[in-house]
Structure formats: structure tokens, C-alpha cells
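First the structure, in the form of C-alpha cells, and then the observations on it.
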Amino acid sequence: MALPTWDQHPEPLAVGSAPVPEYGTGSLADLLPTLAAGMEVPGRTAGIRELAAADRACVFLIDGLGWLQLNAHPDDAPFLASLLPSSRGGTGRPITAGYPATTATSLACVGTGLPPGAHGLPGYTVRNPETGELMNQLRWQPWTSPRAWQPYPTVFQLADAAGVHTAQVSSPAFENTPLTKVALSGGTFHGRLTGEDRMDLAAEQLAAGDRSLVYTYYSELDGAGHRFGIDSDAWHGQLMYVDRLVQRLAEQLPPRTALYVTADHGMIDVPFDERHRIDFDQDWELRAGVALLGGEGRARHVYALPGAENDVLTCWREVLGEQFWVASRDEAIAAGWFGPHVDERVYARIGDVVAAARDDVLIIASEREPKESAMVGNHGSLTPAEQLVPLLEVRT
């Protein structure tokens, strides 16, 4: 993913000037298919060609560990920093998340091996075309059938069916969530409360089969960033802790194993002032013609009233176009933001207007989304700070 030159852009920002995730060659959606292909799981292909095959593979996903943030704090994470040259098969380069760079979308990319336009979780909140309501895809509210919403098998299910020992090691709270079912199910789930217990059990599960595929997860770095920001003592403390967790796991890996440390997105801190936080609930221009506001502050899905689609697009582009890439649904799809193809069932989940932040700004909704609007650290858009994630490697 080439880093854009911010001072060379048309005004308003052209949709085609936005950097697009590396679907097919270097995105989160390509990681598990590549590992499964190395284990000879039928139907999987190696999209990330820099990765060598391994009989046993572990993916440790650290929520919110962006590539740029890790590079900026090597003293907090000396072990992780020592692995930076190993990223992406020894190229020393990151991979990309996918659009939007948000947890529900990214975990579905990881688990299904599909981009958002196929797996169908294209945002934090999106409209359910069947009901006309906004659906929160992280919390799965309001309820809808997981199988109907995301019908594809996960890579874990395919690997398990092919005889690979498959396991997920995570917080017990995630065992039966709909997001886990649609994105990460397959094999066995092992719930452990502490990070240390997860590392120890992940190593045991890797050794439990001649071919093993194990996934483990840690969320608190992201939580500290949202609450306190990535410049906070709390965030730095969490980074120090996850550094020790990765080293603990790396020191226990059984033979013929590849450990991959990655993330679902990066993060930026956004100042608390009217210039950086544009309040949809207080802005009559942005509200005009809008039926539903979805997505999140840096990656909005805007659903227009019938017949108002063009007017909403024009208004949002005029008001926000120097700070956001503002696209119609079809423009965003054609630009490849959601992948090379968007399934028919997913098409209407995407906003009539899609707005992705380029600058350090948010579209908050202080009345509709009070908790989200109060977050210090944010993510979701197409910028390098949010999109680029590590793919650090330890092999035995």
C-alpha cells in the first residue's frame, strides 16, 4: 500500500486518490487462506506469496496494534520491534486491514478469508435491507440470523474438515457471540481469562496436531486507545504487556511452527474541538435528506431518504470534501474499497454515501452515539495510520 502524498490532491478529494487495501495479495483477508494452502487445505490459495508454508501456524491478533504506532514506540515493545524486519515474510513491510478498518469487519476478513464485499460485514453499523434498521455488527444488535448474514464457511471450518487440528484461544466472553460464529468458528474454542493463560494454551494446541492452525486474540490495547488515546500511559502500559505476551508465546512454540502477530487496524487520536469533531446531530446541512447514519466517526455509511441520494452526496462532498473521501455507493465499490466484488446481498448494506476521513477529523453523533462520540482514539478509514498492520513472524 503506497503512502499517499497529502499535499497533492484535488479539492474536493477525488475518490480515486484514496489508497485501497491490498485485497488478494497483502490484506488480512489473505492471511488464513495462505496458511491453509500451505497445509494443503483444498480450495485455499496463497495470496500473500512472501509467506513460506508451515505445518503448524498460529495467528495472534492484537486488537489496535497498528504498524505506524508500533514503529513509533520500539522502547515500549522491544521484542515486537525486534521482529519488524520479519514482517510479511521477511520483507519488512506491513499488510493492510480492509475497509473499513474496524474490528467486526477485520475479524470477518481474517476468519472467512474474504473481503468485506463478500463476507458482508462492511462497517461498524450498517443498514439491514430486510428491516431498514441499523445493525451493530460488533454487538450484533438488533438480532439477525448469523448464517443468513454471513453464509460462507470460515477457513477454520475448512481446515478442520481437512484434518487440520484447529483451535481458537480467547476470552470466554467471546465463545458464543454471533461474531465469533460467523467469523471464527471451526475446530474447538478454548476460553481463558488471562493473556498468559492464552499464550500457554495456544502453544499446547499448536503441539496437539501434526498440522495445526491456532488463533488467539487480545483486545485491551484497543480499549486503552479508545478510552485514553494512543499517547496515554494506559496505552503504553498495554503495549508493554502485549510485548511480553508475544515473547512468552514465541518461547514455547513447538517445532515446525510459524507464529504470525498481526492486528485488525491502527488508531489515531482526535482532538476534542469543533474543528476536529463535526457533530452530525448539530449540523442541519449534513442531516438534510438523511434517513440513517451508520458506520463510525472516520468511516461513515450514510443512508438517504428515497430520492435524496444525489442531494446528500452533493452536500456531503461540498461540506466535507477537503477532509474526507466522499463517494457514492457505486463509486466506492468501483474503487475497490470493499474488495474486487460486492455480493448482491451486501450491496444495500453499504451506504448511499460513503465518507472516509483523510484528515484527523471525525463525524460524531453526540445524541445518537454518545459513547462512541466520547472516544479519544479512533479508526476506520483508509489512511496508513489505520490501514497498515504488522505481520510479524517467528518460526521454529
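Identifiers in this document derive from the order of the C-alpha cells: chains are assigned A, B, ..., residues are numbered from 1 separately in each chain, and ligands are numbered from 1 in order of occurrence.
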
Handout entry: Selection near region 24-33 of chain A, 9 Å with only C-alpha atoms, sequence-local residues under 2 positions removed, as a ChimeraX atom specification
Key = /A:1,21-22,35-38,41,43-49,59,88,94-98,106-116,155-156,213,262-264,339-340,389

Residues just named, written with N, CA and C atoms as a tab-separated table (two decimals), in the first residue's frame:
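File written: again_15.tsv
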```tsv
chain	number	residue	atom	x	y	z
A	1	MET	N	0.85	-1.19	0.00
A	1	MET	CA	0.00	0.00	0.00
A	1	MET	C	0.88	1.23	0.00
A	21	PRO	N	-7.00	-0.94	0.08
A	21	PRO	CA	-6.39	-2.11	0.70
A	21	PRO	C	-5.88	-3.12	-0.34
A	22	GLU	N	-4.88	-3.89	0.07
A	22	GLU	CA	-4.23	-4.83	-0.85
A	22	GLU	C	-4.96	-6.17	-0.89
A	35	LEU	N	-2.08	-19.52	4.87
A	35	LEU	CA	-1.61	-20.53	5.81
A	35	LEU	C	-2.28	-21.88	5.54
A	36	ALA	N	-3.58	-21.85	5.24
A	36	ALA	CA	-4.29	-23.10	4.96
A	36	ALA	C	-3.78	-23.75	3.68
A	37	ALA	N	-3.46	-22.94	2.69
A	37	ALA	CA	-2.91	-23.50	1.44
A	37	ALA	C	-1.59	-24.22	1.71
A	38	GLY	N	-0.79	-23.68	2.63
A	38	GLY	CA	0.47	-24.32	2.99
A	38	GLY	C	0.27	-25.63	3.70
A	41	VAL	N	-4.99	-27.48	2.54
A	41	VAL	CA	-6.44	-27.45	2.69
A	41	VAL	C	-7.05	-27.19	1.32
A	43	GLY	N	-8.96	-25.97	-1.90
A	43	GLY	CA	-9.65	-24.75	-2.29
A	43	GLY	C	-9.05	-23.47	-1.78
A	44	ARG	N	-7.98	-23.53	-0.99
A	44	ARG	CA	-7.35	-22.31	-0.48
A	44	ARG	C	-6.09	-22.01	-1.30
A	45	THR	N	-5.84	-20.74	-1.56
A	45	THR	CA	-4.67	-20.33	-2.33
A	45	THR	C	-3.84	-19.35	-1.52
A	46	ALA	N	-2.55	-19.29	-1.83
A	46	ALA	CA	-1.62	-18.45	-1.09
A	46	ALA	C	-1.59	-17.05	-1.69
A	47	GLY	N	-2.39	-16.15	-1.13
A	47	GLY	CA	-2.42	-14.78	-1.63
A	47	GLY	C	-1.19	-13.98	-1.22
A	48	ILE	N	-0.71	-14.18	0.01
A	48	ILE	CA	0.49	-13.48	0.48
A	48	ILE	C	1.68	-14.36	0.15
A	49	ARG	N	2.23	-14.15	-1.01
A	49	ARG	CA	3.22	-15.08	-1.56
A	49	ARG	C	4.56	-15.02	-0.83
A	59	VAL	N	-1.92	-17.57	14.58
A	59	VAL	CA	-2.18	-16.16	14.35
A	59	VAL	C	-2.55	-15.54	15.69
A	88	ARG	N	5.80	-9.67	7.05
A	88	ARG	CA	5.41	-10.07	5.69
A	88	ARG	C	6.49	-10.91	5.02
A	94	PRO	N	4.39	-3.96	5.99
A	94	PRO	CA	3.10	-4.31	6.61
A	94	PRO	C	2.16	-4.93	5.59
A	95	ILE	N	1.02	-5.38	6.08
A	95	ILE	CA	-0.11	-5.69	5.23
A	95	ILE	C	-1.20	-4.66	5.54
A	96	THR	N	-2.34	-4.76	4.87
A	96	THR	CA	-3.43	-3.82	5.12
A	96	THR	C	-4.60	-4.53	5.77
A	97	ALA	N	-5.42	-3.74	6.44
A	97	ALA	CA	-6.61	-4.28	7.07
A	97	ALA	C	-7.67	-4.56	6.01
A	98	GLY	N	-8.37	-3.57	5.59
A	98	GLY	CA	-9.52	-3.66	4.70
A	98	GLY	C	-10.42	-2.51	5.07
A	106	SER	N	-12.74	-6.50	10.19
A	106	SER	CA	-11.44	-7.14	10.08
A	106	SER	C	-11.45	-8.57	10.58
A	107	LEU	N	-12.14	-8.84	11.69
A	107	LEU	CA	-12.18	-10.23	12.17
A	107	LEU	C	-12.89	-11.13	11.18
A	108	ALA	N	-13.93	-10.60	10.52
A	108	ALA	CA	-14.59	-11.39	9.48
A	108	ALA	C	-13.66	-11.62	8.30
A	109	CYS	N	-12.84	-10.62	7.95
A	109	CYS	CA	-11.85	-10.82	6.88
A	109	CYS	C	-10.87	-11.92	7.26
A	110	VAL	N	-10.38	-11.88	8.49
A	110	VAL	CA	-9.42	-12.89	8.94
A	110	VAL	C	-10.05	-14.28	8.89
A	111	GLY	N	-11.20	-14.43	9.52
A	111	GLY	CA	-11.76	-15.76	9.68
A	111	GLY	C	-12.32	-16.39	8.43
A	112	THR	N	-12.92	-15.58	7.57
A	112	THR	CA	-13.51	-16.13	6.35
A	112	THR	C	-12.52	-16.16	5.19
A	113	GLY	N	-11.47	-15.33	5.28
A	113	GLY	CA	-10.56	-15.20	4.15
A	113	GLY	C	-11.18	-14.44	2.99
A	114	LEU	N	-12.19	-13.64	3.27
A	114	LEU	CA	-12.91	-12.90	2.24
A	114	LEU	C	-12.88	-11.41	2.53
A	115	PRO	N	-12.91	-10.56	1.50
A	115	PRO	CA	-13.01	-9.12	1.72
A	115	PRO	C	-14.42	-8.73	2.17
A	116	PRO	N	-14.60	-7.52	2.65
A	116	PRO	CA	-15.91	-7.12	3.20
A	116	PRO	C	-17.07	-7.22	2.21
A	155	VAL	N	-12.36	-20.25	7.31
A	155	VAL	CA	-11.17	-21.02	6.98
A	155	VAL	C	-10.93	-22.07	8.06
A	156	PHE	N	-11.27	-21.75	9.30
A	156	PHE	CA	-11.12	-22.73	10.38
A	156	PHE	C	-12.00	-23.96	10.13
A	213	LEU	N	-3.68	-25.29	13.20
A	213	LEU	CA	-3.99	-23.89	12.90
A	213	LEU	C	-4.66	-23.32	14.15
A	262	THR	N	-0.34	-10.05	14.25
A	262	THR	CA	-0.94	-9.05	13.39
A	262	THR	C	-1.99	-8.27	14.18
A	263	ALA	N	-2.78	-7.46	13.48
A	263	ALA	CA	-3.78	-6.62	14.13
A	263	ALA	C	-4.93	-6.39	13.17
A	264	ASP	N	-6.03	-5.86	13.73
A	264	ASP	CA	-7.21	-5.60	12.90
A	264	ASP	C	-7.26	-4.18	12.36
A	339	GLY	N	-13.37	-4.47	-1.71
A	339	GLY	CA	-12.86	-5.67	-2.36
A	339	GLY	C	-13.16	-5.66	-3.84
A	340	PRO	N	-12.69	-6.67	-4.56
A	340	PRO	CA	-12.89	-6.69	-6.01
A	340	PRO	C	-14.31	-6.95	-6.45
A	389	VAL	N	-1.04	-2.73	9.14
A	389	VAL	CA	-0.89	-3.57	10.32
A	389	VAL	C	0.31	-4.48	10.11
```

With only C-alpha atoms as the counted atoms, please give the residues lying no more than 7 Å from region 357-373 of chain A, apart from itself and same-chain residues fewer than 4 positions off, as a short mmCIF file (atom, residue, chain, number, x, y, z; two decimals) with N, CA and C atoms, in the first residue's frame.
```cif
data_model
loop_
_atom_site.label_atom_id
_atom_site.label_comp_id
_atom_site.auth_asym_id
_atom_site.auth_seq_id
_atom_site.Cartn_x
_atom_site.Cartn_y
_atom_site.Cartn_z
N VAL A 270 -7.94 11.94 18.13
CA VAL A 270 -8.59 13.08 17.50
C VAL A 270 -8.91 14.11 18.59
N HIS A 276 -12.20 19.46 14.73
CA HIS A 276 -11.83 18.07 14.50
C HIS A 276 -12.99 17.10 14.69
N ARG A 277 -14.03 17.53 15.40
CA ARG A 277 -15.18 16.67 15.67
C ARG A 277 -16.45 17.37 15.18
N ILE A 278 -16.90 16.96 14.01
CA ILE A 278 -18.07 17.55 13.35
C ILE A 278 -19.29 16.79 13.82
N ASP A 279 -20.21 17.48 14.47
CA ASP A 279 -21.34 16.81 15.10
C ASP A 279 -22.54 16.74 14.15
N PHE A 280 -22.80 15.56 13.64
CA PHE A 280 -23.93 15.34 12.74
C PHE A 280 -25.24 15.77 13.38
N ASP A 281 -25.39 15.50 14.65
CA ASP A 281 -26.65 15.81 15.33
C ASP A 281 -26.89 17.31 15.47
N GLY A 297 -17.13 7.25 13.29
CA GLY A 297 -16.72 8.61 13.05
C GLY A 297 -15.80 8.84 11.87
N ARG A 298 -14.92 7.90 11.57
CA ARG A 298 -13.97 8.06 10.47
C ARG A 298 -14.34 7.24 9.24
N ALA A 299 -15.45 6.54 9.30
CA ALA A 299 -15.87 5.69 8.17
C ALA A 299 -17.38 5.60 8.18
N GLN A 323 -11.66 17.12 3.52
CA GLN A 323 -11.16 16.34 4.65
C GLN A 323 -11.51 14.86 4.56
N PHE A 324 -12.53 14.54 3.79
CA PHE A 324 -13.00 13.16 3.63
C PHE A 324 -13.03 12.81 2.15
N TRP A 325 -12.73 11.54 1.86
CA TRP A 325 -13.10 11.00 0.56
C TRP A 325 -14.59 10.68 0.64
N SER A 381 -10.78 4.41 8.77
CA SER A 381 -10.64 4.93 7.42
C SER A 381 -9.52 4.26 6.63
N THR A 383 -6.50 5.69 5.80
CA THR A 383 -5.18 6.27 5.96
C THR A 383 -4.18 5.22 6.44
#
```

Problem - Pick from A:Arg300, A:His379, A:Arg349, A:Arg256, whichever lies nearest to Ile230 (chain A) using only C-alpha atoms - result: A:His379

Set the distance at 12 Å and use only C-alpha atoms: which residues neighbour Glu251 (chain A) once local chain neighbours fewer than 2 positions away are removed? I'd like the list as a JSON list (two decimals) with C-alpha atoms, in the first residue's frame.
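Saved file selection_18.json follows:
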```
[["chain", "number", "residue", "atom", "x", "y", "z"],
["A", 79, "PHE", "CA", 10.55, -7.90, 21.40],
["A", 199, "MET", "CA", -0.33, -17.91, 25.36],
["A", 200, "ASP", "CA", 0.37, -21.14, 27.22],
["A", 202, "ALA", "CA", -2.10, -21.65, 22.31],
["A", 203, "ALA", "CA", 1.33, -23.28, 22.44],
["A", 244, "ARG", "CA", 5.72, -9.74, 26.96],
["A", 245, "LEU", "CA", 2.80, -11.93, 25.86],
["A", 246, "VAL", "CA", 4.21, -12.36, 22.36],
["A", 247, "GLN", "CA", 7.64, -13.25, 23.73],
["A", 248, "ARG", "CA", 6.05, -15.75, 26.13],
["A", 249, "LEU", "CA", 4.27, -17.49, 23.26],
["A", 253, "LEU", "CA", 6.40, -22.76, 20.10],
["A", 254, "PRO", "CA", 6.69, -26.43, 19.12],
["A", 255, "PRO", "CA", 8.82, -27.47, 16.14],
["A", 257, "THR", "CA", 5.65, -23.71, 13.68],
["A", 259, "LEU", "CA", 3.74, -17.59, 14.61],
["A", 394, "VAL", "CA", 8.62, -16.25, 14.43],
["A", 395, "ARG", "CA", 9.48, -19.68, 13.03],
["A", 396, "THR", "CA", 10.82, -22.82, 14.66]]
```

Handout entry: Filtered DSSP result for region 26-160 of chain A, state strand (DSSP E or B), as a PyMOL selection string
Key = chain A and resi 27+56-62+95-96+125-127+134-136+141

Keeping N, CA, C and O atoms for every residue in the selection just given, could you write it to a file as a PDB file, in the first residue's frame?
```pdb
ATOM      1  N   SER A  27      -3.589  -8.438   2.272  1.00  0.00           N
ATOM      2  CA  SER A  27      -4.551  -7.932   3.246  1.00  0.00           C
ATOM      3  C   SER A  27      -4.828  -8.992   4.298  1.00  0.00           C
ATOM      4  O   SER A  27      -4.463 -10.167   4.141  1.00  0.00           O
ATOM      5  N   ARG A  56       2.540 -26.113  11.248  1.00  0.00           N
ATOM      6  CA  ARG A  56       1.763 -25.548  12.347  1.00  0.00           C
ATOM      7  C   ARG A  56       1.826 -24.031  12.243  1.00  0.00           C
ATOM      8  O   ARG A  56       2.900 -23.459  12.045  1.00  0.00           O
ATOM      9  N   ALA A  57       0.682 -23.396  12.394  1.00  0.00           N
ATOM     10  CA  ALA A  57       0.644 -21.937  12.282  1.00  0.00           C
ATOM     11  C   ALA A  57      -0.254 -21.365  13.372  1.00  0.00           C
ATOM     12  O   ALA A  57      -1.321 -21.906  13.667  1.00  0.00           O
ATOM     13  N   CYS A  58       0.190 -20.261  13.954  1.00  0.00           N
ATOM     14  CA  CYS A  58      -0.585 -19.550  14.965  1.00  0.00           C
ATOM     15  C   CYS A  58      -0.714 -18.093  14.540  1.00  0.00           C
ATOM     16  O   CYS A  58       0.284 -17.456  14.190  1.00  0.00           O
ATOM     17  N   VAL A  59      -1.921 -17.575  14.578  1.00  0.00           N
ATOM     18  CA  VAL A  59      -2.179 -16.156  14.347  1.00  0.00           C
ATOM     19  C   VAL A  59      -2.553 -15.536  15.687  1.00  0.00           C
ATOM     20  O   VAL A  59      -3.537 -15.926  16.307  1.00  0.00           O
ATOM     21  N   PHE A  60      -1.743 -14.587  16.129  1.00  0.00           N
ATOM     22  CA  PHE A  60      -2.025 -13.837  17.354  1.00  0.00           C
ATOM     23  C   PHE A  60      -2.446 -12.433  16.919  1.00  0.00           C
ATOM     24  O   PHE A  60      -1.616 -11.642  16.461  1.00  0.00           O
ATOM     25  N   LEU A  61      -3.736 -12.128  17.048  1.00  0.00           N
ATOM     26  CA  LEU A  61      -4.256 -10.837  16.628  1.00  0.00           C
ATOM     27  C   LEU A  61      -4.396  -9.931  17.851  1.00  0.00           C
ATOM     28  O   LEU A  61      -5.148 -10.236  18.768  1.00  0.00           O
ATOM     29  N   ILE A  62      -3.647  -8.838  17.823  1.00  0.00           N
ATOM     30  CA  ILE A  62      -3.669  -7.856  18.904  1.00  0.00           C
ATOM     31  C   ILE A  62      -4.505  -6.680  18.427  1.00  0.00           C
ATOM     32  O   ILE A  62      -4.114  -5.939  17.520  1.00  0.00           O
ATOM     33  N   ILE A  95       1.023  -5.378   6.084  1.00  0.00           N
ATOM     34  CA  ILE A  95      -0.114  -5.692   5.232  1.00  0.00           C
ATOM     35  C   ILE A  95      -1.200  -4.660   5.539  1.00  0.00           C
ATOM     36  O   ILE A  95      -0.998  -3.767   6.364  1.00  0.00           O
ATOM     37  N   THR A  96      -2.335  -4.756   4.870  1.00  0.00           N
ATOM     38  CA  THR A  96      -3.428  -3.819   5.116  1.00  0.00           C
ATOM     39  C   THR A  96      -4.603  -4.531   5.775  1.00  0.00           C
ATOM     40  O   THR A  96      -4.757  -5.747   5.658  1.00  0.00           O
ATOM     41  N   THR A 125     -21.657  -0.123  12.051  1.00  0.00           N
ATOM     42  CA  THR A 125     -23.111  -0.268  11.945  1.00  0.00           C
ATOM     43  C   THR A 125     -23.502  -0.061  10.492  1.00  0.00           C
ATOM     44  O   THR A 125     -23.005   0.856   9.828  1.00  0.00           O
ATOM     45  N   VAL A 126     -24.375  -0.916   9.991  1.00  0.00           N
ATOM     46  CA  VAL A 126     -24.849  -0.809   8.613  1.00  0.00           C
ATOM     47  C   VAL A 126     -26.346  -1.093   8.581  1.00  0.00           C
ATOM     48  O   VAL A 126     -26.898  -1.710   9.496  1.00  0.00           O
ATOM     49  N   ARG A 127     -26.979  -0.656   7.510  1.00  0.00           N
ATOM     50  CA  ARG A 127     -28.415  -0.896   7.380  1.00  0.00           C
ATOM     51  C   ARG A 127     -28.689  -2.335   6.970  1.00  0.00           C
ATOM     52  O   ARG A 127     -28.058  -2.881   6.068  1.00  0.00           O
ATOM     53  N   LEU A 134     -30.593   0.039  11.409  1.00  0.00           N
ATOM     54  CA  LEU A 134     -29.162  -0.082  11.558  1.00  0.00           C
ATOM     55  C   LEU A 134     -28.836  -1.311  12.394  1.00  0.00           C
ATOM     56  O   LEU A 134     -29.485  -1.579  13.407  1.00  0.00           O
ATOM     57  N   MET A 135     -27.824  -2.045  11.974  1.00  0.00           N
ATOM     58  CA  MET A 135     -27.368  -3.210  12.731  1.00  0.00           C
ATOM     59  C   MET A 135     -25.935  -2.986  13.176  1.00  0.00           C
ATOM     60  O   MET A 135     -25.064  -2.667  12.364  1.00  0.00           O
ATOM     61  N   ASN A 136     -25.685  -3.157  14.466  1.00  0.00           N
ATOM     62  CA  ASN A 136     -24.336  -3.090  15.010  1.00  0.00           C
ATOM     63  C   ASN A 136     -23.707  -4.470  14.853  1.00  0.00           C
ATOM     64  O   ASN A 136     -24.121  -5.427  15.510  1.00  0.00           O
ATOM     65  N   GLN A 141     -26.593  -6.223  17.302  1.00  0.00           N
ATOM     66  CA  GLN A 141     -27.872  -5.660  17.729  1.00  0.00           C
ATOM     67  C   GLN A 141     -28.444  -4.775  16.626  1.00  0.00           C
ATOM     68  O   GLN A 141     -27.710  -3.943  16.079  1.00  0.00           O
TER      69      GLN A 141
END
```

Handout entry: Selection: 10 Å around region 144-151 of chain A, only C-alpha atoms, excl. self and same-chain fewer than 3 positions, as a ChimeraX atom specification
Key = /A:108,112,118-121,128,130-131,135,137,140-141,154,177-183,345-346

Problem - Selected residue, from A:Ser232, A:Pro12, A:Gly64, A:Gly92, that lies nearest to Cys315 (chain A) when counting only C-alpha atoms - result: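 When distances to Cys315 (chain A) are compared using only C-alpha atoms, the smallest one comes from A:Pro12.
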
Handout entry: Close residues, Gly195 (chain A) itself excluded, 10 Å, only C-alpha atoms, min 2 positions apart in chain, as an NGL selection string
Key = :A and (169-171 or 192-193 or 197-201 or 216-219 or 241-242 or 244-246 or 248)

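Computed from the coordinates, the CA of Ser82 (chain A) to CA of Met267 (chain A) distance equals 21.6 Å.
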
Exercise for the section: Please return as a ChimeraX atom specification: the residues of region 126-251 of chain A that backbone DSSP assigns to helix (DSSP H, G or I). Expected result: /A:146-149,155-161,172-174,178-183,195-207,220-228,233-250

Problem - Nearest-residue call for Asp273 (chain A), choices A:Gln252, A:Ala374, A:Ala208, A:Phe174, using only C-alpha atoms - result: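 Of the candidates, the smallest distance to Asp273 (chain A) is held by A:Ala374.
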
Exercise for the section: Rounded to one decimal place, report the CA of Ala104 (chain A)-CA of Thr91 (chain A) distance in Å. Expected result: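 For CA of Ala104 (chain A) relative to CA of Thr91 (chain A), the distance reads 28.0 Å.
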
Problem - Counting only C-alpha atoms, the residue of A:Asn71, A:Gln238, A:Thr105, A:Ser328 that sits nearest His301 (chain A) - result: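 Closest to His301 (chain A), using only C-alpha atoms: A:Ser328.
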
Handout entry: Who sits within 12 Å of Pro306 (chain A), only C-alpha atoms, same chain under 5 positions skipped, as a VMD selection string
Key = chain A and resid 289 to 292 311 to 312 352

Problem - For CA of Pro74 (chain A) and CA of Ser87 (chain A), the interatomic separation in Å (one decimal) - result: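 Separation of CA of Pro74 (chain A) and CA of Ser87 (chain A): 14.8 Å.
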